[in-house]
Every structure is written in structure tokens, then in C-alpha cells.
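Asks: Structure below; questions to follow.
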Amino acid sequence: CNTHASPEEEAEYLKMVVGRQVDGLILASSVMGREQRNALLGPNLPWVHIGPGEPGLCRNLCYINYEEGAYQMTTHLIKMGQKEITLLLDEAPLVEMRQITAGYRRALRELLPDAEEQILTEQDTPRGGYLITQRLLQNDTLSRAMITASSGQASGVLKALQDEKIPVPERMALACLSDSSTCAILEPPLTPLESPSRRLGMVAARMLFDNIEDNGEEGIGPQEVILQPKLKIRRSCGNTKPIYELFG
């Protein structure tokens, strides 16, 4: 079920699946309030949450450490000589966006303490990336580097820059915090954050199966599994060393 980051849609889907007497449930980036969610799920339905959350959100959590990934990506651009870095986030109020913001700010605080943070939000689509870039160009506020939350946003940014004959990375370095099959074939190839998404799904399912099978008999305690992403350095960030792309 795709809730589109809407608490109302999430509540309707939860009512539906609970009414069908499912054996267990995996929620990804839940945006509902804890009390409402717990009331809908009840005390006995096993469930797992993909994504970090507030204390007491769920006994079983697994997620990718996007804070560390954003920190690494921002640090990489700073070490490439960038001093003006814009962060483009998904406009949906996802907890991952808070993680990304924290990592970006930590890198600036440690390595560019005098730099001014530039954080924007837009739709998590190529169209969103295209439109925000057009606005930045019209307002003459385009920075020297940009990190987008997704590869979709980044592809839109790249298209807008190419339409205006603005070279990447010579005029603006570009990187994104998700990977896709198109990142490697765009020109220039995009520098993404490679996340172990498939493994994350497997971990979530295994955690859920364990809790369904346990049924309170073995007393499986709370679990929190954090997976680490890694950078795939390509030319869009300004890289000129082929060895990075050979092993990326």
C-alpha cells in the first residue's frame, strides 16, 4: 500500500489490513501519531518499522543510516573544494529527510563552520528537480554544488541545467542520496549514495517472521538494525579519477 506520506491514507490502509486479519505487518516511514497507530494495530499484532522514529515507536526497527550517508556526501563535496552546497529534500515530511538534514549540517559544522546552509524542498520527482532549478536560475541563486534526496530529483536538475547550457560539474557539482540504474548512463554519470535497500527489505521480513513465529514464547527482545550506505563517486561531483568509477 502506498500512503503517499499521508496520515489519513495510512490510517485507512491500516484499518483495511487489520480487518483482513493479517499475521503481521511492515510499515515503512510511518507518519501517523503513535497513539492513533497503536490503537489501530492493537497490542498483539506483530509489526516492524522500516525507518528510524521517535523513542517507543516500535519494538523492531530497521533502517539505512541516511544521516551518515548525507554526512559522507557533504564531506566529499567539501573536500572537492566546494564551499557553497545546496541540499534539496523531498517535500513530504519523512523522518529520513530529518536524518539527511542532520548529516548535512554536521558536515558543514565540522568542515565549513562559516558556511551558510541552503536547504530547499520540492517534489521527489524529476519534474520537482527541474522546477526548483529553474527557480534558482531565475533568481540568480544557483549554488556551486547541490545534493538531492533522490536520483529522480537529480535527473531533473541535470536536465534543467543542460537546457540552459550550464555545464556539470564545471559550473555546478551534482550528487544524490539514492541510486538507480539511470545514474550511471546519464551524462555526466551521477554520483549517488548506494543504499542496501534489498537487504533492508530482507532484514525487515526476517524480523517480522521471527516475531510471528515466537508468539511471545521465547521472549524475543526489541531489535534495531542499522545498515550503512556508501558513496559511488562519478563525474557529476567533479571527480576526475577513473579508479573511483572502476570500483564504484
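FYI, nothing fancy with the C-alpha cells labels: chains A, B, ... in order, residues from 1 per chain, ligands from 1 as they appear.
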Show me a table, sorted first by chain and then by increasing residue number, of the residues of stretch 124-199 of chain A having an atom at most 12 Å from stretch 102-107 of chain A, each with its shortest atom pair and the distance in Å to one decimal, counting only C-alpha atoms and written as JSON lines.

Replies:
{"residue": "A:Met146", "atom": "CA", "partner": "A:Tyr104", "partner_atom": "CA", "distance": 11.4}
{"residue": "A:Ile147", "atom": "CA", "partner": "A:Tyr104", "partner_atom": "CA", "distance": 9.4}
{"residue": "A:Thr148", "atom": "CA", "partner": "A:Tyr104", "partner_atom": "CA", "distance": 11.3}
{"residue": "A:Ala149", "atom": "CA", "partner": "A:Tyr104", "partner_atom": "CA", "distance": 11.4}
{"residue": "A:Leu177", "atom": "CA", "partner": "A:Tyr104", "partner_atom": "CA", "distance": 11.3}

Asks: Given the selection you just returned, output its residues as a file containing C-alpha atoms, formatted as a compact mmCIF listing (two decimals), in the first residue's frame.

Replies:
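What landed in again22.txt:
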# COMPACT_ATOMS: atom_id res chain seq x y z
CA MET A 146 23.83 20.51 -4.94
CA ILE A 147 22.88 17.30 -3.17
CA THR A 148 19.40 15.97 -3.91
CA ALA A 149 17.41 13.49 -1.84
CA LEU A 177 21.28 10.37 -1.93

Asks: Show which residues sit within 10 Å of stretch 186-195 of chain A, as a ChimeraX atom specification. Count only C-alpha atoms, and ignore same-chain residues fewer than 5 positions away.

Replies: /A:64-66,69-70,72-73,147-151,154-155,158-159,162,167-169,173-181,200,227-239,245,248

Asks: Please indicate the distance in Å from atom CA of A:Gln153 to atom CA of A:His76, rounded to one decimal place.

Replies: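 For atom CA of A:Gln153 relative to atom CA of A:His76, the distance reads 19.8 Å.
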
Asks: Which residues, written as a list in words, have at least one atom at most 12 Å from A:Gln36, with only C-alpha atoms counted and residues fewer than 3 positions away on the same chain left out?

Replies: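 What passes the distance filter is Pro7, Glu8, Glu10, Ala11, Glu12, Leu14, Lys15, Ser30, Val31, Met32, Gly33, Ala39, Leu40, Leu41, Gly42 and Leu57 of chain A.
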
Asks: Quick one: pick out all helix (DSSP H, G or I) residues within stretch 4-236 of chain A from a backbone DSSP run and write them as a ChimeraX atom specification.

Replies: /A:7-19,34-41,66-79,95-111,126-138,151-163,197-214,235-236
